[in-house]
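Colleague: Please see the structure below; I have some questions.
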Amino acid sequence: MNKADAVIAAVLIVFGSSAFFVALGYPAGSRMLPMFYSATLAVLSLLLLVQSVLRPSRRTSGNIDEDSVEPARKVIMAVIFIAGYVALIPVLGFYFSTACFLVSFIVATRAARLSMALAVSAGTTCAIYAFFNILLKLQTPLGILF
Amino acid sequence: MTEFLIPAIENLLSIDVALILFAGTLAGLVVGALPGLSSTMGVALAIPMTFGMDPKLGLILLGAVYSSSVYGGSITAILLRTPGTDASIVTTLDGFPMTKKGLAGKAIGISTTASMIGGVTSTVALLLVAPPLARLALCFGPPEYFLVAVFGLSVIIGVSSENYLKGLIIGVLGLLIATAGLDNFTGVPRFVFKSNSMLDGIPVLPALIGLFSLSQAIKLAVGAGTTLVKGDVTFSDRVLPTCDDMGKTWWVMLRSCIIGIAIGIMPGAGTSIASFLAYNEARRVSKEPETFGKGNIQGVAAAEAANNAVVGGSLVPALTLGIPGNAVSAVFIGGLTIHGLIPGPSLFSKYGEITYTLILSLFIANILFWVIGIAFAKYFVKIIKTPTRILAPIICVLSVIGSYAIRGNFFDVGLLFAFGLLGYLMERFGFSPAPIVLSLILGPMAESELRRSLSLFHGSIVPFFERPLCLVLIALIVLTVGYPLYREFRGRKTADPTT
C-alpha cells in the first residue's frame, strides 16, 4: 500500500464531496460545472485510493526518489519562516520585513555569516526599492508601523 | 501583416527596447543556467516586473527571458553534466563527454549557435504560421472556442505521462478552483467563503508564481547542497564555432529545427521531448551512430537546435488560440492577459503592432543570447556557485512583491503562500503542477463558452457534432488524448509479453 497516495486520495475525496454539496446550493446554471468537476474529482480520487491500496509499496512512490526527500524538520522550518515573513508584512511594511526575513533566513540556514547576511539583505532590499518603487513606480505593501 | 511590420520595426529601434532585451536575455541566461530554476519560473517571476512597463516592453522582456532561459540550461549541461533546465537533459549526452575531452569551448560554441538558429527559425515559423491561424480563429463561434479550450486541457494527458491518473486529478482540481468567484452569467458567488477578495475568482498569476517560484524556493531552501552544483567549471579552448564545425552540423540543425517547431506547436510535448526526438533522428541518420554519447558535436547541435525551436512553435497556438502548449507558454499567456491582451485573432489585428513587435524582438533576443553566450559563457558558470540558501529567500521576496503588485491586494500574497505550499507538496508526492495551471487558465474559458453555446442552441449539444470546425477539433482532442494512452498501452504490452 502506498500510504502517501492513499492519504492524499482520502483528503481529495472529502474535498470533492464537500465541494459537491456546497455546489448543490447554487442555481441550476451556476452549479452545473462545479458539481461535475467535484464529482469527477471524488471519483478519480477514489480510483487513486484503490490503486494505492492494491499496488504494493515501492521504494519510489510516484515521482519521488525517497533518498532525495528533504527532512520534514527543514521543510517545516522553511515554511514557518516564509509564513512569518508574510504575516509580518502588514505590520512592519514590506521593506523592513524583507530585510528582517533575509537576514534571519540566511543566518538560520547557516548559508553565510551575519555580516554577509546583512550585506545581502541590505543590497537586495535597496535593489528592489530602486527597481520596483523608483523605476517601475509599483506599490509595495504598507504596514501599520512603517 | 505588412501594415504592422514597419511600426513594429520602428518600435524596436529605441534605447528602451535595447536595454529591456539585454536585461531579459541576461536574466533568462542566469535562470536557465541555474539548475533548479526553470524557464517557467523565470517567466513567472519576470511578469510582475512588466506591470509598470508599456505592454510592448513587458512582452519583449518575457520573450527574451523565455528564449534565453531555454538556451541557458545547456551551459551547465555541457560543463558539469547538470542540465540547468529539462530542455538540456539530452545535451549532457554528448556535451559532457566533449568537456572531458577538453572540448568544452567547442561544445558551448556549437550549442549556443544551434540554439540561436533554432530560435530564429522558429520565430520565422511563428511569423508565417500564426497570422493565418489567427484568421481561421475568426470563423470560431462559442462551440469552437469551447472545444479549443478542451483541446488545450487535453494537454494535461501529455504533461502527465508519468502518472495519468494523478495528472487528471490535479487538472480537475484546477478546474474546480477556477470556478470560484462570481458567476459571470448569473452573478451568483461560488466558493467565495464570504471573502470580497474572492469575488473576482482565483487570480492566475499569484497561483502561477506560487506553484512555480515559491515552491522551488522552498525546495532550494531545504535541499541538501549549499550550492547548486559542485565541480571544476573552467575551460580555455575556442568558443566560436569554426567553418568545419558548422559544415558538420548545419544539416542536423536544420532538421532539428523542423522537429522542434512541430513539437512546439503540438500541445503537451515540450522542449525535452523535442530534443530527445531530434537527437535520436540525428543518431539514426548519422554515418557514425556509435560516436553519439561519446562527444559527437552533432548530438549537441541536434538537442539544442530542437529545444530552442520549441519556443516559437509553442507561441503559435498560445498567441492565436490561447492554447498553452506547455507550462511556460501558459505563464506567457498570463503575462499577456495582465496587459489586457487576450490571445486570439485580435492580437493580430487590433493589437497587431504589439504582437509583431514581440515576434520581431524574439529574433533580436536569439541573436543577443548568441553574442552573450559566445562571449561570456565561461563567466556564467560562476553564477551557479551562488549558495542556494541565499538564492531561496531572494526568490521568496520577489514572489511576494510580484503577486502583490498585480492588484495591490494583500490577499494575493496569502494565495501565493498557499499555492507555493501546494506546489511543493504536489511535487514531493509525485503530482505535476502543470495541469493545475492549464486548468486555471482554460477553465473559465471552457465554462463561459460552453454555457454560451448551450444557451445559443437551447440546451442541445447536437450542433457540436454538426459544425465542420467542431468535428476537426473533436478529432484533434481524441488524437491528443488517445495517442499517449495508446502508446502507453503498447509500451506495457511490449514490456509484458505474457499479456
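If you're wondering about the labels, chains in the C-alpha cells are A, B, ... by order shown, residues count from 1 in each chain, ligands from 1 in order shown.
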For Val239 in chain B, find every residue with an atom within 9 Å (counting only C-alpha atoms), except residues of its own chain fewer than 5 positions away, and show them as a list in words.

Modeller: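 Near Val239 in chain B, the qualifying residues are Ala104, Gly105, Lys106, Ala107, Ile108, Gly109, Ile110, Ile374, Ala375 and Ala377 of chain B.
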
Colleague: For chain B, list the residues within 6 Å of chain A, counting only C-alpha atoms, and write the list as a list in words.

Modeller: Gly52, Val172, Leu176, Val222, Arg389 and Gly430 of chain B

Colleague: Would you mind exporting the chosen residues as a compact mmCIF listing (two decimals), in the first residue's frame, restricted to N, CA and C atoms?

Modeller:
```
# COMPACT_ATOMS: atom_id res chain seq x y z
N GLY B 52 4.63 47.82 -14.54
CA GLY B 52 4.74 49.27 -14.72
C GLY B 52 5.21 49.66 -16.12
N VAL B 172 -8.49 18.35 -12.80
CA VAL B 172 -9.89 18.56 -12.37
C VAL B 172 -9.93 19.46 -11.13
N LEU B 176 -11.96 22.94 -10.80
CA LEU B 176 -12.89 23.24 -9.70
C LEU B 176 -12.49 24.57 -9.04
N VAL B 222 15.56 23.92 1.51
CA VAL B 222 15.69 22.72 2.35
C VAL B 222 16.55 21.64 1.70
N ARG B 389 20.88 28.70 -0.33
CA ARG B 389 20.12 29.25 0.80
C ARG B 389 20.17 30.78 0.85
N GLY B 430 4.66 13.47 -6.12
CA GLY B 430 4.57 12.95 -7.49
C GLY B 430 3.43 13.51 -8.33
```

Colleague: Tell me, as a short mmCIF file (atom, residue, chain, number, x, y, z; two decimals) with N, CA and C atoms, in the first residue's frame, which residues lie within 10 Å of range 414-418 of chain B, counting only C-alpha atoms; anything in the same chain fewer than 5 positions away does not count.

Modeller:
```cif
data_model
loop_
_atom_site.label_atom_id
_atom_site.label_comp_id
_atom_site.auth_asym_id
_atom_site.auth_seq_id
_atom_site.Cartn_x
_atom_site.Cartn_y
_atom_site.Cartn_z
N VAL A 79 8.93 26.70 5.85
CA VAL A 79 7.54 27.16 5.69
C VAL A 79 7.18 28.16 6.79
N ILE A 82 8.74 31.51 5.97
CA ILE A 82 8.02 32.24 4.90
C ILE A 82 6.67 32.74 5.42
N ALA A 83 5.98 31.88 6.20
CA ALA A 83 4.68 32.28 6.76
C ALA A 83 4.86 33.47 7.69
N VAL A 86 5.34 36.58 5.62
CA VAL A 86 4.06 37.05 5.05
C VAL A 86 3.22 37.72 6.14
N ALA A 87 3.26 37.14 7.36
CA ALA A 87 2.46 37.70 8.46
C ALA A 87 3.02 39.04 8.94
N ILE B 202 -9.99 33.17 -8.39
CA ILE B 202 -8.57 32.99 -8.01
C ILE B 202 -7.73 33.67 -9.09
N PRO B 203 -6.98 34.72 -8.74
CA PRO B 203 -6.13 35.35 -9.76
C PRO B 203 -5.03 34.38 -10.20
N LEU B 205 -2.05 34.77 -11.72
CA LEU B 205 -0.60 34.99 -11.54
C LEU B 205 -0.07 34.66 -10.15
N PRO B 206 -0.73 35.07 -9.06
CA PRO B 206 -0.21 34.63 -7.76
C PRO B 206 -0.16 33.10 -7.66
N ALA B 207 -1.16 32.45 -8.27
CA ALA B 207 -1.16 30.98 -8.26
C ALA B 207 0.04 30.44 -9.03
N LEU B 208 0.30 31.01 -10.20
CA LEU B 208 1.43 30.56 -11.02
C LEU B 208 2.75 30.80 -10.32
N ILE B 209 2.89 32.01 -9.76
CA ILE B 209 4.16 32.34 -9.10
C ILE B 209 4.35 31.41 -7.89
N GLY B 210 3.26 31.14 -7.18
CA GLY B 210 3.35 30.23 -6.04
C GLY B 210 3.75 28.83 -6.46
N LEU B 211 3.07 28.32 -7.49
CA LEU B 211 3.30 26.93 -7.92
C LEU B 211 4.71 26.74 -8.49
N SER B 213 7.45 29.32 -8.51
CA SER B 213 8.59 30.03 -7.93
C SER B 213 8.73 29.74 -6.43
N LEU B 214 7.65 30.01 -5.67
CA LEU B 214 7.77 29.84 -4.22
C LEU B 214 8.05 28.38 -3.87
N SER B 215 7.39 27.46 -4.59
CA SER B 215 7.62 26.03 -4.30
C SER B 215 9.09 25.66 -4.53
N CYS B 396 11.81 34.15 -2.71
CA CYS B 396 10.58 34.36 -1.91
C CYS B 396 10.16 35.83 -1.95
N SER B 399 8.81 36.80 -5.27
CA SER B 399 7.48 36.20 -5.46
C SER B 399 6.42 37.03 -4.74
N VAL B 400 6.74 37.47 -3.51
CA VAL B 400 5.79 38.26 -2.72
C VAL B 400 5.47 39.59 -3.42
N GLY B 402 5.87 40.33 -6.50
CA GLY B 402 5.22 40.06 -7.78
C GLY B 402 3.74 39.80 -7.64
N SER B 403 3.37 39.00 -6.64
CA SER B 403 1.95 38.67 -6.51
C SER B 403 1.16 39.85 -5.94
N TYR B 404 1.81 40.67 -5.12
CA TYR B 404 1.10 41.83 -4.55
C TYR B 404 0.86 42.90 -5.62
N ASN B 409 -3.42 43.94 -3.63
CA ASN B 409 -4.28 43.33 -2.63
C ASN B 409 -3.46 42.29 -1.86
N GLY B 423 2.22 23.64 -4.31
CA GLY B 423 3.15 23.23 -5.38
C GLY B 423 4.27 22.38 -4.84
#
```

Colleague: List every residue of range 253-314 of chain B that DSSP, applied to the backbone, labels as alpha helix (DSSP H), and write the result as an MDAnalysis selection string.

Modeller: chainID B and resid 253:265 271:285 297:314

Colleague: Env of range 295-306 of chain B: 6 Å cut, atoms = only C-alpha atoms, seq-sep filter 2 positions within chain, self excluded. Answer as a PyMOL selection string.

Modeller: chain B and resi 91+94-95+97-98+111+114-115+118+249+252-253+256-257+260+274-275+278-279+291-293+308-309

Colleague: Tell me which protein, DNA and RNA residues are within 12 Å of Phe464 in chain B, counting only C-alpha atoms, leaving out same-chain ones fewer than 2 positions away, and put them as number ranges by chain.

Modeller: B: 141-147, 450, 453-454, 456-457, 459-462, 466-474

Colleague: So which residues of range 166-208 of chain B fall under strand (DSSP E or B) by DSSP, listed as a short mmCIF file (atom, residue, chain, number, x, y, z; two decimals) with N, CA, C and O atoms, in the first residue's frame?

Modeller:
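File written: selection.cif
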```cif
data_model
loop_
_atom_site.label_atom_id
_atom_site.label_comp_id
_atom_site.auth_asym_id
_atom_site.auth_seq_id
_atom_site.Cartn_x
_atom_site.Cartn_y
_atom_site.Cartn_z
N GLY B 181 -15.52 32.32 -7.38
CA GLY B 181 -15.75 33.73 -7.73
C GLY B 181 -17.17 33.94 -8.22
O GLY B 181 -17.99 33.01 -8.23
N LEU B 182 -17.44 35.17 -8.65
CA LEU B 182 -18.79 35.49 -9.15
C LEU B 182 -19.05 34.79 -10.48
O LEU B 182 -18.20 34.85 -11.37
N PRO B 189 -22.26 34.24 -6.28
CA PRO B 189 -20.90 33.94 -5.81
C PRO B 189 -20.73 32.45 -5.54
O PRO B 189 -21.59 31.83 -4.92
N ARG B 190 -19.62 31.90 -6.05
CA ARG B 190 -19.38 30.46 -5.85
C ARG B 190 -18.06 30.26 -5.11
O ARG B 190 -17.04 30.83 -5.50
#
```

Colleague: Quick one: everything within 10 Å of range 150-157 of chain B, counting only C-alpha atoms, minus sequence neighbours fewer than 2 positions away in the same chain. Send it as a count of residues only.

Modeller: 56

Colleague: Find the spatial neighbours of range 120-130 of chain B, counting only C-alpha atoms, within a cut-off of 6 Å - ignore same-chain residues fewer than 4 positions away - and output them as a PyMOL selection string.

Modeller: chain B and resi 261+309+312-313+316+363

Colleague: Once you have the residues from the selection above, write them out as a PDB file, in the first residue's frame, restricted to C-alpha atoms.

Modeller:
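The result, stored in out26.pdb:
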```pdb
ATOM      1  CA  ILE B 261       8.862  23.692 -34.354  1.00  0.00           C
ATOM      2  CA  ALA B 309      12.899  25.789 -31.886  1.00  0.00           C
ATOM      3  CA  GLY B 312       8.499  29.960 -31.365  1.00  0.00           C
ATOM      4  CA  GLY B 313       6.438  26.847 -32.084  1.00  0.00           C
ATOM      5  CA  VAL B 316       1.827  29.718 -32.294  1.00  0.00           C
ATOM      6  CA  PHE B 363      14.849  37.498 -33.473  1.00  0.00           C
TER       7      PHE B 363
END
```

Colleague: One number please: CA of Leu37 in chain B to CA of Gly123 in chain A, in Å, one decimal.

Modeller: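 CA of Gly123 in chain A lies at a distance of 21.7 Å from CA of Leu37 in chain B.
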
Colleague: For the atom pair CA of Phe332 in chain B and CA of Thr50 in chain B, what is the interatomic distance in Å to one decimal place?

Modeller: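 Those two atoms sit 11.9 Å apart.
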
Colleague: What is the CA of Ser18 in chain A to CA of Ala180 in chain B distance in Å?

Modeller: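 Taking CA of Ser18 in chain A as the start and CA of Ala180 in chain B as the end point, the length is 14.2 Å.
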